[in-house]
Amino acid sequence: MAYNSKDFYPRPDFVHGNHRWTPLNDGWSILFDDEDVGLGEAWHINGVPEKVAISSTTGTSSAGPGAEAEARKLAAFPELKEKGFQASKSQGREHVKKPINVPFVFQTPASGVFDNDAHEVLWYERKVADPREKTEAEAGDRVLLRFGAVDYDVTIWASGYPVGQHRGGHVPFDVDVTDALSNAWAKTGKGELDLVLRIRDSPHDLTQPRGKQYWAPQPESIFYTPSSGIWQPVWLEVVPSARIGDSSAGTVLRSNNISEGLLHANVAVLGRRAGHGYIVEIEGSLHGLAIAKKRENLPGDKDHVSINLGLSLSDEQKTKAAPSLAQAAPLDNTDCWRGNLALWSPDHPTLYDLSIRLYDAEGRLMDEVKTYAGFRHLNWNNGDGTFRLNGKPLFQALVLDQGYWPDTGMTPPSPDSLRADIELSKKMGFNGCRKHQKVEDPVFLYWADRLGYLVWGEMANAYEFSSDYAERFSQEWIEAVKRDINHPSVVTWTPVNVTKESWGYPNLKEDLEQRNHIRSLYYMTKTLDPTRPVNDNCGWEHVVTDLSTFHDYDDAPALAKTCASLDGMLGPRPGRRSSFVGPVALNDGVWSRADDGAGHCGGAPILCTEFGGVNIAPAKVEGTSGGGGERDWGYTTASDPADLLKRFQALLLAVVEPGLCCGFVYTQLSDIEQEVNGLYSFDRREKIPADEVRKIVEKAKGVYYNGLRRIPT
């Protein structure tokens with residue numbers, strides 16, 4: 001199954017006009033290394049063999065002491081603690097190198113491998129040729145090998161030459177293979193490399209961020225098929241030696257200053273040479289109309305430059321605007337304009353086109369990037385319980401979106417699948433999603449920006465707290481925030497999620513180190529991006545947060561009672577952990593420490609960020625005592641589609657009618673494997689009519705807006 005082609009660049013939000021790129025999603029092979037002999041046998045130097053023998057003692061049974069010890073650490077899910085991977089079915093035989101369709105992981109049918117056994121160490125191999133033209137090589141252009149995401153820890157060699165490594169399964173990275181190509185040209189007279197990747201993805205390490213990836217071969221409950229190895233696109237890219245860096249490298253395009261209409265840009269430059277001068281230029285346009293342009297010299301002591309660019313139109317420019325602008329953003333609509341500045345919103349997602357150019361000291365163009373910015377301002381601390389977009393109260397009618405597909409797992413079948421999911425959600429009236437336990441492919445955010453779709457960014461959590469976990473998670477969370485910081489569609493950061501207990505933080509009630517790590521994530525995120533709210537620990541056990549969020553999967557009558565009061569939503573309840581951590585004092589005889597805990601800040605926005613999760617009872621199978629899907633489940637069960645629609649309306653109104661919540665996140669967009677509580681089936685078919693769902697969602701929004709007190713906007 002092919003994923004993408006030369007026609008779709010994997011980062012459409014940040015396109016270098018003078019870079020050439022080549023997709024590398026075909027031609028790969030994979031070999032499982034269950035005994036981890038590859039390094040000792042120098043596969044990275046000699047090449048990956050065609051097969052490897054497996055001894056009879058390889059593998060860890062779920063009954064073995066190692067698996068049992070690991071499983072017992074999973075205090076948050078006691079009913080699953082005895083689960084674990086059985087020993088590989090291929091013990092005592094051998095593993096054979098097989099072709100694999102990248103970027104689909106070996107656990108999926110689309111990969112062509114479709115193996116659900118546990119394999120901790122994987123070796124990928126592929127040949128690549130130097131993509132540079134002769135003139136590019138003579139000019140000193142570099143060749144980057146770029147990865148969208150590889151789960152989890154990867155080391156890369158090019159014809160035995162070490163070129164890089166990366167840890168973190170949800171974020172992008174690249175390695176420079178230019179020197180390896182030069183070495184190949186010198187030794188063989190050919191610019192051809194044998195790429196070898198060694199990837200380690202532990203099925204059992206509970207300190208490894210994994211999100212919803214299950215630690216056993218048979219997915220169950222709220223957990224799904226694991227995902228190991230390359231799961232986002234891979235490509236080669238020819239780049240100039242000095243070039244403009246993307247957001248991961250430090251380029252930040254801050255477009256929240258709607259009062260002055262200023263774009264605050266910090267542009268990173270990679271590969272600058274000491275003693276050489278560079279100039280950075282930004283030009284902004286709107287629907288083809290050039291608005292403004294500004295240049296700044298790159299400081300001699302820095303690899304980045306700050307530029308403030310005013311992008312409000314003059315009155316004359318506004319009259320010359322293309323008809324398409326007035327259609328997209330009616331000129332007399334105050335939701336679309338702040339003075340002469342075009343605004344971004346879900347209803348009117350107007351984007352300014354930006355060109356960022358790098359010149360040398362003589363004025364020669366070295367690099368150019370095409371990107372965009374959406375001007376919008378968020379305010380969550382107005383003190384009246386509202387979440388405001390561009391100064392006006394915004395009701396966030398969000399859906400939980402976990403980003404899985406039937407044959408491809410966490411990887412979309414194609415880039416178009418990401419756009420399709422947004423369109424399906426909007427068809428039902430939702431204005432955004434909470435991306436749950438996954439850092440989604442950046443193509444999703446590109447379409448969210450263009451289609452007008454709010455997104456809460458979230459990281460995949462682990463299940464056990466330790467210093468290793470804190471280091472791993474902090475590193476990957478920073479990389480995720482930096483990757484997505486320039487997308488106007490992203491309106492909230494959620495580093496941590498809770499369920500029966502706080503994932504990765506099982507003892508927030510008493511453990512100050514666990515509390516302090518969440519605090520560090522909050523302040524680290526605010527340092528990188530003060531323009532968005534941080535939902536520190538979604539659901540309950542908040543440590544320090546901008547939003548008061550809670551989860552509640554009760555049926556509508558009980559949910560309505562909960563949402564009728566502040567104490568009902570955020571106060572103590574039997575069988576539920578606290579919404580905020582309380583005060584604690586510790587004294588072990590050596591060291592006395594205290595923590596004041598946290599509480600709801602009066603006037604902070606309150607949102608029900610998980611509820612619903614209703615499935616439809618499976619049809620009876622003739623001749624049996626059970627239904628057609630005995631493993632299928634939801635939090636509550638409807639008898640048929642009509643009952644699901646009725647329950648859906650009751651649940652939404654239960655949240656919004658009391659007037660205390662300014663948003664919700666309904667669980668969920670689509671079924672995923674055995675969790676069949678989606679509004680769409682796993683293959684994205686409507687389970688209830690989308691137009692009927694939309695009417696209910698619009699009704700819920702109307703209830704909120706009609707109930708607002710008169711608040712100056």
# chains A, B, ... in the order shown; residues from 1 in each chain; ligands from 1

call {"tool": "select_by_dssp", "arguments": {"residues": "region 219-376 of chain A", "states": "helix (DSSP H, G or I)", "output": "PyMOL selection string"}}
result
chain A and resi 247-249+315-319+323-328

call {"tool": "residues_around", "arguments": {"residues": "region 98-106 of chain A", "least_positions_apart": "2", "cutoff": "10 Å", "atoms": "only C-alpha atoms", "output": "VMD selection string"}}
result
chain A and resid 1 to 4 24 to 32 50 to 51 95 to 96 108 to 117 119 122 124 to 126 147 to 151 226 to 234 407 to 413

call {"tool": "atom_distance", "arguments": {"atom1": "CA of Tyr469 (chain A)", "atom2": "CA of Cys433 (chain A)"}}
result
27.1 Å

call {"tool": "residues_around", "arguments": {"residues": "Tyr161 (chain A)", "least_positions_apart": "5", "cutoff": "10 Å", "atoms": "only C-alpha atoms", "output": "ChimeraX atom specification"}}
result
/A:44-45,156,177,179-181,183-184,193-196

call {"tool": "closest_residue", "arguments": {"among": "A:Thr22, A:Ser285, A:Ser324, A:Gln437", "to": "Gly211 (chain A)", "atoms": "only C-alpha atoms"}}
result
A:Gln437

call {"tool": "residues_around", "arguments": {"residues": "His304 (chain A)", "least_positions_apart": "2", "cutoff": "7 Å", "atoms": "only C-alpha atoms", "output": "list of chain:residue names"}}
result
A:Asn266, A:Val267, A:Ala268, A:Val269, A:Leu298, A:Lys302, A:Ser306

call {"tool": "write_last_selection", "arguments": {"atoms": "N, CA, C and O atoms", "output": "compact mmCIF listing (two decimals), in the first residue's frame"}}
result
# COMPACT_ATOMS: atom_id res chain seq x y z
N ASN A 266 10.48 35.56 14.79
CA ASN A 266 11.86 35.24 15.14
C ASN A 266 12.30 34.14 14.17
O ASN A 266 11.82 33.01 14.24
N VAL A 267 13.17 34.48 13.25
CA VAL A 267 13.56 33.58 12.17
C VAL A 267 14.92 32.96 12.47
O VAL A 267 15.91 33.69 12.67
N ALA A 268 14.97 31.65 12.51
CA ALA A 268 16.22 30.92 12.75
C ALA A 268 16.93 30.66 11.43
O ALA A 268 16.30 30.34 10.42
N VAL A 269 18.25 30.79 11.45
CA VAL A 269 19.08 30.51 10.28
C VAL A 269 20.04 29.38 10.64
O VAL A 269 20.77 29.45 11.63
N LEU A 298 21.08 39.68 9.88
CA LEU A 298 21.27 38.67 10.91
C LEU A 298 22.39 39.13 11.83
O LEU A 298 23.51 39.41 11.36
N LYS A 302 24.35 35.90 16.69
CA LYS A 302 23.17 35.07 16.86
C LYS A 302 22.85 34.32 15.58
O LYS A 302 23.24 34.73 14.48
N SER A 306 14.98 38.91 14.85
CA SER A 306 13.60 39.29 15.12
C SER A 306 13.15 40.36 14.15
O SER A 306 13.87 41.33 13.89

call {"tool": "residues_around", "arguments": {"residues": "region 545-548 of chain A", "least_positions_apart": "2", "cutoff": "10 Å", "atoms": "only C-alpha atoms", "output": "MDAnalysis selection string"}}
result
chainID A and resid 380:381 385 387 492 494 518:519 522:523 532:540 542:543 550 569:570 579:580 598:609 661

call {"tool": "select_by_dssp", "arguments": {"residues": "region 128-276 of chain A", "states": "strand (DSSP E or B)", "output": "JSON, numbers by chain"}}
result
{"A": [128, 129, 142, 143, 144, 145, 146, 147, 150, 151, 153, 154, 155, 156, 157, 158, 161, 162, 163, 164, 165, 166, 167, 173, 174, 175, 176, 192, 193, 194, 195, 196, 197, 198, 199, 200, 213, 224, 229, 230, 234, 235, 236, 237, 238, 239, 243, 244, 252, 253, 254, 255, 256, 257, 262, 263, 264, 265, 266, 267, 268, 269, 270]}
